[in-house]
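K.L.:
Just dropping this structure here.
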Amino acid sequence: MSQKEIWYETLHSNFGQYFAVESVLYHDKTEHQNLIIFENAELGRIMALDGVVQTTERDEFIYHEMMAHVPLFAHGQAKKVLIIGGGDGGMLREVCRHNYLDNITMVEIDADVVEFCRQYLPNHSAGAYDDLRFNLVIDDGVNFVKTTSEKFDVIISDCTDPAGLGESLFTSEFYAGCARCLSDGGIFVAQNGVCFLQQDEAINSHKKLTHYFADSSFYQAAIPTYYGGIMTFVWATQNIALRQVPLTILQQRFEDAGITCRYYTPAVHAGSFALPQYLLNALSGNP
């Protein structure tokens with residue numbers, strides 16, 4: 001038996017993780033970044049951008065369910081949703097499961113990511129690109145939120161880490177743009193890294209967000225692919241009550257929606273806002 005190729009991911013100079021490659025499905029440089037999609041026996045198909053894993057078939061549902069359903073069930077009356085990034089289609093799939101939504105816009109800077117993920121990761125989008133409520137915009141996310149005349153009830157920033165293309169989606173300029181195009185009582189959520197290893201990201205995001213939102217915090221989920229502990233998601237809104245919607249109301253909204261999830265539950269939703277003390281200390285300036 002021949003030795004399998006090994007693909008390495010190194011986010012820090014002293015450690016990282018590796019994946020045995022069964023086969024490479026696609027590997028090339030798009031207009032904006034290096035894209036690889038390959039097969040792994042444990043995790044299925046894996047997509048990485050510029051050497052950093054973005055999603056795997058096996059555990060993507062945790063990330064996408066928590067990013068989509070937490071703000072949508074907390075809001076309860078959303079009609080228009082904006083997804084920034086999300087070219088693999090997983091976020092769109094989960095958002096489209098909310099049948100009461102009228103309009104879903106996705107702004108992705110790299111058209112090639114959408115094209116190749118539709119081809120090689122079809123289970124992520126699961127036909128969501130054909131939803132009649134969906135509108136794809138190929139544009140820079142910062143530019144879109146600065147210039148659009150539309151208002152959105154929920155904005156989901158499904159971004160890469162703050163390096164390269166993703167860096168602009170962690171800036172005050174982007175957060176100000178999101179606050180500008182959120183409707184009254186709207187909710188903004190965003191991927192914000194694994195806080196044990198990327199604590200500065202959480203601190204910096206929180207400092208910036210407090211200038212534009214009455215309530216800014218984080219919620220969490222454990223996603224195996226994103227090694228190093230819990231992943232934190234930004235939570236920002238002008239309505240401070242939305243972070244503490246009663247469990248009974250969340251349960252009723254979940255049942256009314258008729259959605260079956262593999263990770264999200266109303267109880268997980270409520271508990272996800274309980275943050276570890278080391279993160280609370282860091283956010284308060286007392287590490």
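As shown in the structure tokens, the chain order sets the letters A, B, ...; within each chain, residues go from 1, and ligands are also counted from 1 in the order they appear.
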Could you pull the residues within 12 Å of Tyr175 in chain A, counting only C-alpha atoms, minus those fewer than 4 positions along the same chain, as a PyMOL selection string?
P.N.:
chain A and resi 141-146+155-157+168-171+179-182+187-190+204-213+216+234-237
K.L.:
Create the file for the chosen residues now, containing N, CA and C atoms and written as a JSON list (two decimals), in the first residue's frame.
P.N.:
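Writing done, so here's part-v6.json:
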```json
[["chain", "number", "residue", "atom", "x", "y", "z"],
["A", 141, "GLY", "N", -17.54, 42.53, 0.54],
["A", 141, "GLY", "CA", -18.53, 42.70, 1.59],
["A", 141, "GLY", "C", -18.54, 44.08, 2.20],
["A", 142, "VAL", "N", -17.36, 44.66, 2.42],
["A", 142, "VAL", "CA", -17.28, 46.00, 3.00],
["A", 142, "VAL", "C", -17.94, 47.02, 2.09],
["A", 143, "ASN", "N", -17.65, 46.93, 0.80],
["A", 143, "ASN", "CA", -18.24, 47.86, -0.16],
["A", 143, "ASN", "C", -19.76, 47.72, -0.19],
["A", 144, "PHE", "N", -20.24, 46.49, -0.13],
["A", 144, "PHE", "CA", -21.69, 46.27, -0.20],
["A", 144, "PHE", "C", -22.42, 46.91, 0.98],
["A", 145, "VAL", "N", -21.94, 46.65, 2.20],
["A", 145, "VAL", "CA", -22.67, 47.20, 3.36],
["A", 145, "VAL", "C", -22.52, 48.71, 3.47],
["A", 146, "LYS", "N", -21.49, 49.26, 2.85],
["A", 146, "LYS", "CA", -21.32, 50.72, 2.84],
["A", 146, "LYS", "C", -22.25, 51.41, 1.86],
["A", 155, "ILE", "N", -27.91, 39.81, 9.51],
["A", 155, "ILE", "CA", -26.70, 39.79, 8.70],
["A", 155, "ILE", "C", -25.77, 38.73, 9.28],
["A", 156, "ILE", "N", -25.31, 37.82, 8.45],
["A", 156, "ILE", "CA", -24.41, 36.74, 8.86],
["A", 156, "ILE", "C", -23.11, 36.89, 8.09],
["A", 157, "SER", "N", -22.02, 37.16, 8.81],
["A", 157, "SER", "CA", -20.71, 37.27, 8.17],
["A", 157, "SER", "C", -19.99, 35.94, 8.29],
["A", 168, "SER", "N", -10.60, 42.53, 6.01],
["A", 168, "SER", "CA", -11.48, 43.71, 5.96],
["A", 168, "SER", "C", -12.81, 43.48, 6.67],
["A", 169, "LEU", "N", -13.18, 42.21, 6.88],
["A", 169, "LEU", "CA", -14.47, 41.90, 7.52],
["A", 169, "LEU", "C", -14.37, 41.89, 9.05],
["A", 170, "PHE", "N", -13.24, 42.37, 9.57],
["A", 170, "PHE", "CA", -13.05, 42.52, 11.02],
["A", 170, "PHE", "C", -12.73, 43.97, 11.37],
["A", 171, "THR", "N", -13.04, 44.89, 10.47],
["A", 171, "THR", "CA", -12.68, 46.29, 10.67],
["A", 171, "THR", "C", -13.87, 47.11, 11.16],
["A", 179, "ALA", "N", -24.06, 47.88, 10.81],
["A", 179, "ALA", "CA", -25.01, 48.59, 11.67],
["A", 179, "ALA", "C", -25.90, 49.51, 10.84],
["A", 180, "ARG", "N", -25.34, 50.10, 9.83],
["A", 180, "ARG", "CA", -26.10, 51.03, 8.97],
["A", 180, "ARG", "C", -27.21, 50.33, 8.20],
["A", 181, "CYS", "N", -26.96, 49.12, 7.71],
["A", 181, "CYS", "CA", -27.97, 48.48, 6.87],
["A", 181, "CYS", "C", -28.77, 47.40, 7.60],
["A", 182, "LEU", "N", -28.67, 47.36, 8.94],
["A", 182, "LEU", "CA", -29.56, 46.49, 9.73],
["A", 182, "LEU", "C", -30.88, 47.22, 9.97],
["A", 187, "ILE", "N", -30.12, 41.78, 13.79],
["A", 187, "ILE", "CA", -29.04, 41.07, 14.47],
["A", 187, "ILE", "C", -27.90, 40.83, 13.49],
["A", 188, "PHE", "N", -26.69, 41.10, 13.94],
["A", 188, "PHE", "CA", -25.47, 40.81, 13.18],
["A", 188, "PHE", "C", -24.69, 39.73, 13.90],
["A", 189, "VAL", "N", -24.31, 38.66, 13.18],
["A", 189, "VAL", "CA", -23.45, 37.62, 13.74],
["A", 189, "VAL", "C", -22.28, 37.39, 12.79],
["A", 190, "ALA", "N", -21.19, 36.89, 13.33],
["A", 190, "ALA", "CA", -19.99, 36.67, 12.51],
["A", 190, "ALA", "C", -19.10, 35.61, 13.15],
["A", 204, "ASN", "N", -10.39, 42.50, 20.06],
["A", 204, "ASN", "CA", -10.42, 43.58, 19.07],
["A", 204, "ASN", "C", -11.81, 43.76, 18.47],
["A", 205, "SER", "N", -12.48, 42.64, 18.15],
["A", 205, "SER", "CA", -13.84, 42.74, 17.59],
["A", 205, "SER", "C", -14.78, 43.39, 18.59],
["A", 206, "HIS", "N", -14.68, 42.97, 19.85],
["A", 206, "HIS", "CA", -15.59, 43.50, 20.88],
["A", 206, "HIS", "C", -15.40, 45.00, 21.06],
["A", 207, "LYS", "N", -14.14, 45.45, 21.09],
["A", 207, "LYS", "CA", -13.87, 46.88, 21.26],
["A", 207, "LYS", "C", -14.49, 47.69, 20.12],
["A", 208, "LYS", "N", -14.38, 47.18, 18.90],
["A", 208, "LYS", "CA", -14.91, 47.90, 17.74],
["A", 208, "LYS", "C", -16.44, 47.88, 17.72],
["A", 209, "LEU", "N", -17.00, 46.74, 18.01],
["A", 209, "LEU", "CA", -18.46, 46.58, 17.93],
["A", 209, "LEU", "C", -19.20, 47.46, 18.93],
["A", 210, "THR", "N", -18.61, 47.70, 20.09],
["A", 210, "THR", "CA", -19.29, 48.49, 21.12],
["A", 210, "THR", "C", -19.55, 49.93, 20.66],
["A", 211, "HIS", "N", -18.85, 50.38, 19.64],
["A", 211, "HIS", "CA", -19.07, 51.73, 19.12],
["A", 211, "HIS", "C", -20.34, 51.82, 18.28],
["A", 212, "TYR", "N", -20.82, 50.68, 17.79],
["A", 212, "TYR", "CA", -21.93, 50.70, 16.83],
["A", 212, "TYR", "C", -23.18, 49.97, 17.29],
["A", 213, "PHE", "N", -23.08, 49.18, 18.35],
["A", 213, "PHE", "CA", -24.21, 48.37, 18.78],
["A", 213, "PHE", "C", -24.44, 48.52, 20.28],
["A", 216, "SER", "N", -23.26, 43.98, 22.36],
["A", 216, "SER", "CA", -22.28, 43.20, 21.60],
["A", 216, "SER", "C", -21.66, 42.16, 22.52],
["A", 234, "VAL", "N", -19.52, 36.32, 16.88],
["A", 234, "VAL", "CA", -19.94, 37.67, 17.27],
["A", 234, "VAL", "C", -21.46, 37.73, 17.32],
["A", 235, "TRP", "N", -21.97, 38.44, 18.31],
["A", 235, "TRP", "CA", -23.39, 38.74, 18.44],
["A", 235, "TRP", "C", -23.52, 40.24, 18.65],
["A", 236, "ALA", "N", -24.26, 40.93, 17.77],
["A", 236, "ALA", "CA", -24.38, 42.38, 17.90],
["A", 236, "ALA", "C", -25.76, 42.84, 17.45],
["A", 237, "THR", "N", -26.38, 43.69, 18.24],
["A", 237, "THR", "CA", -27.73, 44.18, 17.95],
["A", 237, "THR", "C", -27.99, 45.44, 18.77]]
```
K.L.:
Can you tell me, as number ranges by chain, which residues in range 94-227 of chain A count as helix (DSSP H, G or I) by DSSP?
P.N.:
A: 94-96, 111-120, 122-125, 128-130, 141-147, 164-170, 172-180, 199-209
K.L.:
With a distance cut-off of 6 Å and only C-alpha atoms, select the neighbouring residues of range 119-136 of chain A, excluding the residue or stretch itself and same-chain residues fewer than 5 positions from it, and output the selection as a ChimeraX atom specification.
P.N.:
/A:89-90,93,103-106
K.L.:
Which residues are close to Ala282 in chain A, i.e. within 12 Å by only C-alpha atoms, leaving aside same-chain residues fewer than 6 positions away? Reply as a PyMOL selection string.
P.N.:
chain A and resi 195-196+198-204+206-207+275-276
K.L.:
Would you give me, as a PyMOL selection string, the residues in range 24-273 of chain A that DSSP reads as strand (DSSP E)?
P.N.:
chain A and resi 24-29+34-40+44-49+52-56+80-85+103-108+134-138+152-158+182-194+215-221+231-237
K.L.:
Produce a file of the selected residues containing C-alpha atoms, as a compact mmCIF listing (two decimals), in the first residue's frame.
P.N.:
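Result written to again17.txt:
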```txt
# COMPACT_ATOMS: atom_id res chain seq x y z
CA VAL A 24 -7.45 15.90 -4.59
CA LEU A 25 -10.63 17.01 -6.35
CA TYR A 26 -9.55 20.54 -7.18
CA HIS A 27 -6.46 22.63 -6.52
CA ASP A 28 -5.71 25.96 -8.18
CA LYS A 29 -5.41 29.66 -7.53
CA ASN A 34 -5.46 29.48 -3.30
CA LEU A 35 -8.32 26.94 -3.25
CA ILE A 36 -8.05 23.21 -2.59
CA ILE A 37 -10.80 20.62 -2.20
CA PHE A 38 -9.75 17.10 -1.23
CA GLU A 39 -11.13 13.86 0.20
CA ASN A 40 -10.31 12.56 3.68
CA GLY A 44 -15.17 13.57 3.85
CA ARG A 45 -14.54 16.41 1.45
CA ILE A 46 -12.52 19.31 2.83
CA MET A 47 -12.14 22.82 1.42
CA ALA A 48 -9.25 25.09 2.33
CA LEU A 49 -8.35 28.62 1.29
CA VAL A 52 -6.50 27.20 6.13
CA VAL A 53 -9.36 24.70 6.40
CA GLN A 54 -12.72 26.40 5.93
CA THR A 55 -15.16 23.50 6.00
CA THR A 56 -15.48 19.71 6.03
CA LYS A 80 -34.64 39.68 4.75
CA VAL A 81 -31.25 38.04 5.41
CA LEU A 82 -27.81 39.07 4.19
CA ILE A 83 -24.95 36.54 4.09
CA ILE A 84 -21.45 37.94 3.65
CA GLY A 85 -19.10 35.26 2.26
CA ASN A 103 -35.42 37.51 0.51
CA ILE A 104 -31.91 36.06 0.97
CA THR A 105 -28.90 37.93 -0.43
CA MET A 106 -25.38 36.51 -0.43
CA VAL A 107 -22.37 38.70 -1.14
CA GLU A 108 -19.26 36.70 -2.05
CA PHE A 134 -31.98 33.89 -3.33
CA ASN A 135 -29.87 36.65 -4.88
CA LEU A 136 -26.09 36.25 -5.42
CA VAL A 137 -23.94 39.38 -5.54
CA ILE A 138 -20.25 39.13 -6.46
CA PHE A 152 -31.72 43.48 6.46
CA ASP A 153 -33.18 41.86 9.56
CA VAL A 154 -30.26 39.45 10.02
CA ILE A 155 -26.70 39.79 8.70
CA ILE A 156 -24.41 36.74 8.86
CA SER A 157 -20.71 37.27 8.17
CA ASP A 158 -19.43 33.82 7.17
CA LEU A 182 -29.56 46.49 9.73
CA SER A 183 -33.27 47.09 10.18
CA ASP A 184 -34.64 48.11 13.58
CA GLY A 185 -34.15 45.20 15.97
CA GLY A 186 -31.83 43.47 13.51
CA ILE A 187 -29.04 41.07 14.47
CA PHE A 188 -25.47 40.81 13.18
CA VAL A 189 -23.45 37.62 13.74
CA ALA A 190 -19.99 36.67 12.51
CA GLN A 191 -17.36 33.97 12.77
CA ASN A 192 -14.71 35.12 15.24
CA GLY A 193 -12.19 32.31 15.61
CA VAL A 194 -11.26 29.92 18.41
CA ASP A 215 -25.42 44.96 22.79
CA SER A 216 -22.28 43.20 21.60
CA SER A 217 -21.12 39.84 22.87
CA PHE A 218 -20.33 36.31 21.72
CA TYR A 219 -21.87 32.87 21.66
CA GLN A 220 -20.08 29.58 21.13
CA ALA A 221 -20.00 26.07 19.68
CA MET A 231 -15.35 28.70 18.35
CA THR A 232 -16.80 32.10 19.16
CA PHE A 233 -19.39 33.92 17.08
CA VAL A 234 -19.94 37.67 17.27
CA TRP A 235 -23.39 38.74 18.44
CA ALA A 236 -24.38 42.38 17.90
CA THR A 237 -27.73 44.18 17.95
```
K.L.:
Considering only C-alpha atoms, state which residue in the set A:Ala74, A:Met66, A:Leu43, A:Val113 is at the smallest distance from Glu94 in chain A.
P.N.:
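Going through A:Ala74, A:Met66, A:Leu43, A:Val113 one by one, the smallest distance to Glu94 in chain A is for A:Met66.
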K.L.:
Which residue, A:Gly87, A:Val95, A:Glu115, A:Gly177, has the smallest gap to Met67 in chain A when you use only C-alpha atoms?
P.N.:
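Closest candidate: A:Val95.
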K.L.:
Hey, which of A:Phe73, A:Phe116, A:Phe61, A:Phe19 ends up closest to Pro266 in chain A? Count only C-alpha atoms.
P.N.:
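Closest to Pro266 in chain A, using only C-alpha atoms: A:Phe73.
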K.L.:
Got a sec: who's within 10 Å of Ala257 in chain A, counting only C-alpha atoms, leaving out chain neighbours fewer than 4 positions off, as a PDB file with C-alpha atoms, in the first residue's frame?
P.N.:
```pdb
ATOM      1  CA  PHE A  73     -34.872  32.133  16.003  1.00  0.00           C
ATOM      2  CA  ARG A  97     -34.807  26.217   5.603  1.00  0.00           C
ATOM      3  CA  HIS A  98     -36.678  29.149   7.170  1.00  0.00           C
ATOM      4  CA  ASN A  99     -39.634  29.167   4.789  1.00  0.00           C
ATOM      5  CA  TYR A 100     -41.095  32.425   6.118  1.00  0.00           C
ATOM      6  CA  GLN A 251     -38.891  26.229  21.595  1.00  0.00           C
ATOM      7  CA  GLN A 252     -42.186  27.396  20.103  1.00  0.00           C
ATOM      8  CA  ARG A 253     -40.460  29.146  17.190  1.00  0.00           C
TER       9      ARG A 253
END
```
K.L.:
Looking at A:Glu173, A:Asp112, A:Glu255, A:Asp102, which one is nearest to Thr30 in chain A, with distances taken over only C-alpha atoms?
P.N.:
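When distances to Thr30 in chain A are compared using only C-alpha atoms, the smallest one comes from A:Asp112.
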K.L.:
Grab the CA of Glu42 in chain A to CA of Ala267 in chain A distance for me, in Å with one decimal place.
P.N.:
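One can read the CA of Glu42 in chain A to CA of Ala267 in chain A distance as 28.7 Å.
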